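Peer 1: Can you read through this structure? Questions will come right after.
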Amino acid sequence: MSHHVITLSTITCPACGHSKQETMPTDACQWFYECESCHLLLRPKPGDCCVFCSFGDIPCPPVQQHHGCCQSGHSSAS
């Protein structure tokens, strides 16, 4: 069974609720996203690798493919 990777995600601003469909990069993480409505600069929530995993309706391609976070070399001490 093959897994189809979805590259479109609707990202929603937590401050104003504005939503926009964006194309996710498949070869890099997007750590910042500016809401085009209120201009809030979105950053990933703690534990998430990118703004799409935090604020999008579809997680980023590496997470969809079960490759984990797209940040290589990132470690967290708990």
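Just so we're on the same page: first chain in the structure tokens is A, next is B, and so on; residues restart at 1 for each chain, and ligands are numbered from 1 in the order they show up.
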What lies within 10 Å of segment 32-35 of chain A using only C-alpha atoms, ignoring chain neighbours under 2 positions off, as an mmCIF file with N, CA and C atoms, in the first residue's frame?
Peer 2:
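Wrote it out as result_23.cif, contents follow:
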```cif
data_model
loop_
_atom_site.group_PDB
_atom_site.id
_atom_site.type_symbol
_atom_site.label_atom_id
_atom_site.label_comp_id
_atom_site.auth_asym_id
_atom_site.auth_seq_id
_atom_site.Cartn_x
_atom_site.Cartn_y
_atom_site.Cartn_z
ATOM 1 N N ILE A 11 -3.548 26.667 6.479
ATOM 2 C CA ILE A 11 -2.945 27.165 7.710
ATOM 3 C C ILE A 11 -3.884 28.232 8.282
ATOM 4 N N THR A 12 -4.154 28.151 9.595
ATOM 5 C CA THR A 12 -5.096 29.055 10.246
ATOM 6 C C THR A 12 -4.398 29.830 11.347
ATOM 7 N N CYS A 13 -4.529 31.146 11.303
ATOM 8 C CA CYS A 13 -3.916 32.012 12.308
ATOM 9 C C CYS A 13 -4.662 31.861 13.634
ATOM 10 N N PRO A 14 -3.940 31.584 14.720
ATOM 11 C CA PRO A 14 -4.603 31.431 16.016
ATOM 12 C C PRO A 14 -5.096 32.760 16.595
ATOM 13 N N ALA A 15 -4.582 33.874 16.091
ATOM 14 C CA ALA A 15 -4.960 35.184 16.624
ATOM 15 C C ALA A 15 -6.249 35.710 15.994
ATOM 16 N N CYS A 16 -6.329 35.664 14.655
ATOM 17 C CA CYS A 16 -7.483 36.277 13.980
ATOM 18 C C CYS A 16 -8.389 35.268 13.282
ATOM 19 N N GLY A 17 -7.932 34.012 13.151
ATOM 20 C CA GLY A 17 -8.748 32.986 12.517
ATOM 21 C C GLY A 17 -8.682 32.955 11.000
ATOM 22 N N HIS A 18 -7.857 33.819 10.404
ATOM 23 C CA HIS A 18 -7.712 33.834 8.943
ATOM 24 C C HIS A 18 -7.093 32.518 8.478
ATOM 25 N N SER A 19 -7.652 31.943 7.430
ATOM 26 C CA SER A 19 -7.144 30.687 6.867
ATOM 27 C C SER A 19 -6.743 30.892 5.419
ATOM 28 N N LYS A 20 -5.687 30.192 5.027
ATOM 29 C CA LYS A 20 -5.237 30.242 3.638
ATOM 30 C C LYS A 20 -4.589 28.911 3.283
ATOM 31 N N CYS A 29 11.834 22.540 6.222
ATOM 32 C CA CYS A 29 10.806 22.959 7.171
ATOM 33 C C CYS A 29 10.523 24.438 6.995
ATOM 34 N N GLN A 30 9.288 24.805 7.224
ATOM 35 C CA GLN A 30 8.947 26.228 7.239
ATOM 36 C C GLN A 30 8.708 26.605 8.694
ATOM 37 N N SER A 37 -3.494 38.529 7.103
ATOM 38 C CA SER A 37 -4.577 39.371 7.606
ATOM 39 C C SER A 37 -4.119 40.265 8.760
ATOM 40 N N CYS A 38 -3.600 39.654 9.841
ATOM 41 C CA CYS A 38 -3.207 40.442 11.023
ATOM 42 C C CYS A 38 -1.696 40.627 11.141
ATOM 43 N N HIS A 39 -0.929 39.967 10.278
ATOM 44 C CA HIS A 39 0.535 40.071 10.205
ATOM 45 C C HIS A 39 1.266 39.464 11.404
ATOM 46 N N LEU A 40 0.571 38.620 12.174
ATOM 47 C CA LEU A 40 1.238 37.891 13.252
ATOM 48 C C LEU A 40 2.244 36.924 12.635
ATOM 49 N N LEU A 41 3.434 36.863 13.201
ATOM 50 C CA LEU A 41 4.449 35.924 12.736
ATOM 51 C C LEU A 41 4.279 34.620 13.506
ATOM 52 N N LEU A 42 3.830 33.582 12.810
ATOM 53 C CA LEU A 42 3.617 32.277 13.436
ATOM 54 C C LEU A 42 4.921 31.512 13.478
ATOM 55 N N ARG A 43 5.111 30.804 14.577
ATOM 56 C CA ARG A 43 6.270 29.921 14.769
ATOM 57 C C ARG A 43 5.754 28.584 15.271
ATOM 58 N N PRO A 44 6.500 27.503 15.072
ATOM 59 C CA PRO A 44 6.020 26.198 15.539
ATOM 60 C C PRO A 44 5.792 26.183 17.046
ATOM 61 N N CYS A 50 7.353 22.401 12.470
ATOM 62 C CA CYS A 50 7.139 23.499 11.528
ATOM 63 C C CYS A 50 5.768 24.120 11.742
ATOM 64 N N VAL A 51 5.513 25.232 11.075
ATOM 65 C CA VAL A 51 4.231 25.923 11.236
ATOM 66 C C VAL A 51 3.064 25.102 10.686
ATOM 67 N N PHE A 52 3.309 24.233 9.707
ATOM 68 C CA PHE A 52 2.227 23.411 9.179
ATOM 69 C C PHE A 52 1.795 22.350 10.190
ATOM 70 N N PHE A 55 -0.157 24.697 12.874
ATOM 71 C CA PHE A 55 -1.325 25.500 12.515
ATOM 72 C C PHE A 55 -2.035 25.058 11.242
#
```
Peer 1: Using only C-alpha atoms, determine which residues lie at most 7 Å from Glu22 of chain A, disregarding the query and same-chain residues fewer than 2 positions distant; provide the list as a ChimeraX atom specification.
Peer 2: /A:8-10,20,24
Peer 1: How about saving the chosen residues, N, CA and C atoms kept, as a short mmCIF file (atom, residue, chain, number, x, y, z; two decimals), in the first residue's frame?
Peer 2:
```cif
data_model
loop_
_atom_site.label_atom_id
_atom_site.label_comp_id
_atom_site.auth_asym_id
_atom_site.auth_seq_id
_atom_site.Cartn_x
_atom_site.Cartn_y
_atom_site.Cartn_z
N LEU A 8 -0.59 20.25 0.05
CA LEU A 8 -1.38 21.45 0.34
C LEU A 8 -1.94 21.36 1.75
N SER A 9 -1.85 22.44 2.48
CA SER A 9 -2.38 22.50 3.84
C SER A 9 -3.02 23.86 4.05
N THR A 10 -4.14 23.88 4.75
CA THR A 10 -4.78 25.14 5.10
C THR A 10 -4.25 25.56 6.46
N LYS A 20 -5.69 30.19 5.03
CA LYS A 20 -5.24 30.24 3.64
C LYS A 20 -4.59 28.91 3.28
N MET A 24 3.14 23.19 0.95
CA MET A 24 4.22 22.89 1.89
C MET A 24 5.47 22.48 1.13
#
```
Peer 1: Would you return as a PyMOL selection string the members of chain A that DSSP assigns to strand (DSSP E or B) on this structure's backbone?
Peer 2: chain A and resi 8-12+19-23+33-34+41-42+56
Peer 1: For the selection just defined, write its residues with N, CA and C atoms to a file, as a short mmCIF file (atom, residue, chain, number, x, y, z; two decimals), in the first residue's frame.
Peer 2:
```cif
data_model
loop_
_atom_site.label_atom_id
_atom_site.label_comp_id
_atom_site.auth_asym_id
_atom_site.auth_seq_id
_atom_site.Cartn_x
_atom_site.Cartn_y
_atom_site.Cartn_z
N LEU A 8 -0.59 20.25 0.05
CA LEU A 8 -1.38 21.45 0.34
C LEU A 8 -1.94 21.36 1.75
N SER A 9 -1.85 22.44 2.48
CA SER A 9 -2.38 22.50 3.84
C SER A 9 -3.02 23.86 4.05
N THR A 10 -4.14 23.88 4.75
CA THR A 10 -4.78 25.14 5.10
C THR A 10 -4.25 25.56 6.46
N ILE A 11 -3.55 26.67 6.48
CA ILE A 11 -2.95 27.16 7.71
C ILE A 11 -3.88 28.23 8.28
N THR A 12 -4.15 28.15 9.59
CA THR A 12 -5.10 29.05 10.25
C THR A 12 -4.40 29.83 11.35
N SER A 19 -7.65 31.94 7.43
CA SER A 19 -7.14 30.69 6.87
C SER A 19 -6.74 30.89 5.42
N LYS A 20 -5.69 30.19 5.03
CA LYS A 20 -5.24 30.24 3.64
C LYS A 20 -4.59 28.91 3.28
N GLN A 21 -4.88 28.41 2.09
CA GLN A 21 -4.25 27.19 1.62
C GLN A 21 -2.87 27.52 1.07
N GLU A 22 -1.89 26.78 1.54
CA GLU A 22 -0.50 27.00 1.13
C GLU A 22 0.11 25.67 0.70
N THR A 23 1.11 25.75 -0.16
CA THR A 23 1.87 24.57 -0.57
C THR A 23 3.04 24.38 0.39
N TYR A 33 5.76 31.86 9.43
CA TYR A 33 4.69 32.16 8.49
C TYR A 33 4.00 33.42 8.98
N GLU A 34 3.90 34.43 8.11
CA GLU A 34 3.22 35.67 8.49
C GLU A 34 1.78 35.64 8.00
N LEU A 41 3.43 36.86 13.20
CA LEU A 41 4.45 35.92 12.74
C LEU A 41 4.28 34.62 13.51
N LEU A 42 3.83 33.58 12.81
CA LEU A 42 3.62 32.28 13.44
C LEU A 42 4.92 31.51 13.48
N GLY A 56 -1.52 24.03 10.58
CA GLY A 56 -2.14 23.55 9.35
C GLY A 56 -3.10 22.40 9.61
#
```
Peer 1: Just list the residues in segment 20-74 of chain A DSSP gives helix (DSSP H, G or I) on the backbone, as an MDAnalysis selection string.
Peer 2: chainID A and resid 51:55 61:64
